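Undergrad: There's a structure below that I have some questions on.
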Amino acid sequence: MKRPDFMALALGEAQAAAARGEVPVGAVIALDGATVAVAGNRTRELRDPTAHAEMLAIRHACEVLSQERLTGCDLYVTLEPCTMCAGAISFARLRRIYFGAADEKGGAVTSGVRFFASPTCHHAPEVYPGLAEVESAAMLKAFFEDRRLP
């Protein structure tokens, strides 16, 4: 049986977010080769600044697995997580994160505050940047270019 392409699923969620007028970010949480949760940004739709794709996926995965820790789970996300999401990733004890585009302004994993390198970080997942980076960055660039046209 072929294993799902988790980053392709995350890219699909990002495209769906863009279609809703949201910043195109998608996230997938996987466990043992199976998809546990998928989500795309919904901050505008839910009028909730915490409704980032990662946060929604974490909440859903915790619900599906009936636990507050996601030990052994991996997160695939199209954009480098922000500080809020990095904190949630740490508290959820995700095993690994794979992300697409770096976010020099708002990212907190390999950019900015580098949350997981902080001495106060309780759990740091393995980090794999640059997965589907070109596709992720192109989607974000196109989304914001469309917004800037008169």
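Each chain in the structure tokens gets a letter, A, B, ..., in the order shown, and its residues are numbered from 1; ligands are numbered from 1 in order too.
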As a PyMOL selection string, please: the residues near A:Val23 (cut-off 9 Å, only C-alpha atoms, same-chain neighbours under 3 positions excluded).
TA: chain A and resi 14+17-18+20+40-43+140+143-144
Undergrad: Keeping C-alpha atoms, export the residues of the selection given above as a short mmCIF file (atom, residue, chain, number, x, y, z; two decimals), in the first residue's frame.
TA:
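Contents of out08.cif, freshly written:
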data_model
loop_
_atom_site.label_atom_id
_atom_site.label_comp_id
_atom_site.auth_asym_id
_atom_site.auth_seq_id
_atom_site.Cartn_x
_atom_site.Cartn_y
_atom_site.Cartn_z
CA ALA A 14 -3.27 25.67 1.54
CA ALA A 17 -7.48 28.24 2.33
CA ALA A 18 -6.56 30.61 -0.50
CA ARG A 20 -11.61 30.97 1.04
CA GLY A 40 -5.89 25.13 6.48
CA ASN A 41 -5.82 28.66 7.83
CA ARG A 42 -9.24 29.90 8.99
CA THR A 43 -8.40 33.10 10.88
CA LEU A 140 2.08 32.49 -0.95
CA PHE A 143 -1.77 35.07 -3.09
CA PHE A 144 -0.20 38.31 -1.88
#
Undergrad: Could you pull out all residues of stretch 2-129 of chain A with a DSSP call of helix (DSSP H, G or I) and give them as an NGL selection string?
TA: :A and (6-19 or 43-46 or 53-65 or 83-92 or 115-117)
Undergrad: Considering only strand (DSSP E or B) as DSSP defines it on the backbone, what residues of chain A qualify? List them as an NGL selection string.
TA: :A and (26-31 or 34-40 or 73-79 or 96-101 or 126-129)
Undergrad: In Å, rounded to a single decimal, give me how far atom CA of A:Ile97 is from atom CA of A:Leu75.
TA: 4.7 Å
Undergrad: Given the choices A:Thr71, A:Asp48, A:Ser118, A:Thr83, which gets closest to A:Asp32 if the distance is worked out from only C-alpha atoms?
TA: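 Of A:Thr71, A:Asp48, A:Ser118, A:Thr83, the one nearest A:Asp32 is A:Thr71, counting only C-alpha atoms.
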Undergrad: Take atom CA of A:Gly33 and atom CA of A:His52 and report the distance between them in Å, one decimal.
TA: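 Straight-line distance from atom CA of A:Gly33 to atom CA of A:His52 works out to 23.5 Å.
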Undergrad: Please indicate the distance in Å from atom CA of A:Tyr76 to atom CA of A:Ile29, rounded to one decimal place.
TA: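 Interatomic distance, atom CA of A:Tyr76 to atom CA of A:Ile29: 6.4 Å.
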Undergrad: So which one's closest to A:Leu70, A:Ala86, A:Ala101, A:Ala92, A:Leu11? Using only C-alpha atoms, please.
TA: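 The shortest atom-to-atom distance to A:Leu70 comes from A:Ala92.
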Undergrad: Closest to A:Gly26 among A:Phe6, A:Pro119, A:Tyr98, A:Thr78, using only C-alpha atoms?
TA: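 Answer, going by the shortest atom-to-atom distance: A:Thr78.
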Undergrad: Near A:Gln15, counting only C-alpha atoms, which residues have an atom at most 8 Å away, once you skip same-chain residues fewer than 5 positions from it, shown as a VMD selection string?
TA: chain A and resid 24 to 26 139
Undergrad: Out of A:Glu22, A:Asp146, A:Asp103, A:Asp74, which residue has the shortest atom-to-atom distance to A:Glu133 when counting only C-alpha atoms?
TA: A:Asp103
Undergrad: Need to verify the contact set: stretch 34-37 of chain A, 10 Å, only C-alpha atoms, exclusion of same-chain residues closer than 4 positions in sequence. Can you return it as a list in words?
TA: Arg3, Pro4, Asp5, Phe6, Leu9, Ala27, Val28, Ile29, Ala30, Glu54, Leu56, Ala57, Ile58, Arg59, His60, Ala61, Cys62, Glu63, Val64, Leu65, Cys73, Asp74 and Leu75 of chain A
Undergrad: Using only C-alpha atoms, which residues sit within 9 Å of A:Gly87 once same-chain residues fewer than 3 positions away are excluded, as an mmCIF file with all heavy atoms, in the first residue's frame?
TA:
data_model
loop_
_atom_site.group_PDB
_atom_site.id
_atom_site.type_symbol
_atom_site.label_atom_id
_atom_site.label_comp_id
_atom_site.auth_asym_id
_atom_site.auth_seq_id
_atom_site.Cartn_x
_atom_site.Cartn_y
_atom_site.Cartn_z
ATOM 1 N N CYS A 82 4.930 30.072 13.177
ATOM 2 C CA CYS A 82 5.171 31.288 13.955
ATOM 3 C C CYS A 82 5.443 30.900 15.413
ATOM 4 O O CYS A 82 5.397 29.728 15.790
ATOM 5 C CB CYS A 82 3.957 32.211 13.868
ATOM 6 S SG CYS A 82 2.496 31.575 14.737
ATOM 7 N N THR A 83 5.693 31.887 16.253
ATOM 8 C CA THR A 83 5.987 31.626 17.662
ATOM 9 C C THR A 83 4.828 30.938 18.364
ATOM 10 O O THR A 83 5.038 29.987 19.129
ATOM 11 C CB THR A 83 6.346 32.942 18.384
ATOM 12 O OG1 THR A 83 7.401 33.592 17.678
ATOM 13 C CG2 THR A 83 6.776 32.690 19.816
ATOM 14 N N MET A 84 3.598 31.384 18.112
ATOM 15 C CA MET A 84 2.431 30.772 18.740
ATOM 16 C C MET A 84 2.347 29.294 18.375
ATOM 17 O O MET A 84 2.167 28.433 19.240
ATOM 18 C CB MET A 84 1.156 31.497 18.301
ATOM 19 C CG MET A 84 -0.129 30.810 18.749
ATOM 20 S SD MET A 84 -1.619 31.614 18.119
ATOM 21 C CE MET A 84 -1.500 31.271 16.366
ATOM 22 N N SER A 90 5.513 22.431 20.585
ATOM 23 C CA SER A 90 6.322 21.973 21.712
ATOM 24 C C SER A 90 5.445 21.347 22.796
ATOM 25 O O SER A 90 5.725 20.246 23.267
ATOM 26 C CB SER A 90 7.123 23.141 22.285
ATOM 27 O OG SER A 90 7.880 22.740 23.405
ATOM 28 N N PHE A 91 4.383 22.039 23.185
ATOM 29 C CA PHE A 91 3.503 21.520 24.231
ATOM 30 C C PHE A 91 2.805 20.229 23.804
ATOM 31 O O PHE A 91 2.539 19.369 24.639
ATOM 32 C CB PHE A 91 2.477 22.571 24.660
ATOM 33 C CG PHE A 91 3.056 23.612 25.575
ATOM 34 C CD1 PHE A 91 3.137 24.925 25.161
ATOM 35 C CD2 PHE A 91 3.525 23.287 26.835
ATOM 36 C CE1 PHE A 91 3.677 25.896 25.995
ATOM 37 C CE2 PHE A 91 4.069 24.245 27.674
ATOM 38 C CZ PHE A 91 4.148 25.559 27.260
ATOM 39 N N ALA A 92 2.512 20.093 22.521
ATOM 40 C CA ALA A 92 1.871 18.876 22.023
ATOM 41 C C ALA A 92 2.861 17.719 21.896
ATOM 42 O O ALA A 92 2.473 16.585 21.689
ATOM 43 C CB ALA A 92 1.211 19.140 20.673
ATOM 44 N N PHE A 115 12.417 29.397 18.298
ATOM 45 C CA PHE A 115 11.772 28.944 19.533
ATOM 46 C C PHE A 115 12.361 27.653 20.099
ATOM 47 O O PHE A 115 12.603 27.547 21.294
ATOM 48 C CB PHE A 115 10.267 28.775 19.277
ATOM 49 C CG PHE A 115 9.477 28.430 20.499
ATOM 50 C CD1 PHE A 115 9.000 29.421 21.331
ATOM 51 C CD2 PHE A 115 9.211 27.106 20.819
ATOM 52 C CE1 PHE A 115 8.272 29.105 22.468
ATOM 53 C CE2 PHE A 115 8.491 26.784 21.950
ATOM 54 C CZ PHE A 115 8.020 27.786 22.779
ATOM 55 N N PHE A 116 12.577 26.674 19.239
ATOM 56 C CA PHE A 116 13.024 25.365 19.727
ATOM 57 C C PHE A 116 14.461 25.379 20.252
ATOM 58 O O PHE A 116 14.866 24.467 20.965
ATOM 59 C CB PHE A 116 12.856 24.300 18.647
ATOM 60 C CG PHE A 116 11.435 24.150 18.178
ATOM 61 C CD1 PHE A 116 11.131 24.224 16.829
ATOM 62 C CD2 PHE A 116 10.396 23.967 19.074
ATOM 63 C CE1 PHE A 116 9.820 24.103 16.385
ATOM 64 C CE2 PHE A 116 9.080 23.846 18.654
ATOM 65 C CZ PHE A 116 8.786 23.915 17.306
ATOM 66 N N CYS A 121 12.442 26.191 26.172
ATOM 67 C CA CYS A 121 11.599 25.293 25.388
ATOM 68 C C CYS A 121 11.658 23.902 26.022
ATOM 69 O O CYS A 121 12.731 23.326 26.178
ATOM 70 C CB CYS A 121 12.079 25.250 23.936
ATOM 71 S SG CYS A 121 11.125 24.127 22.906
#
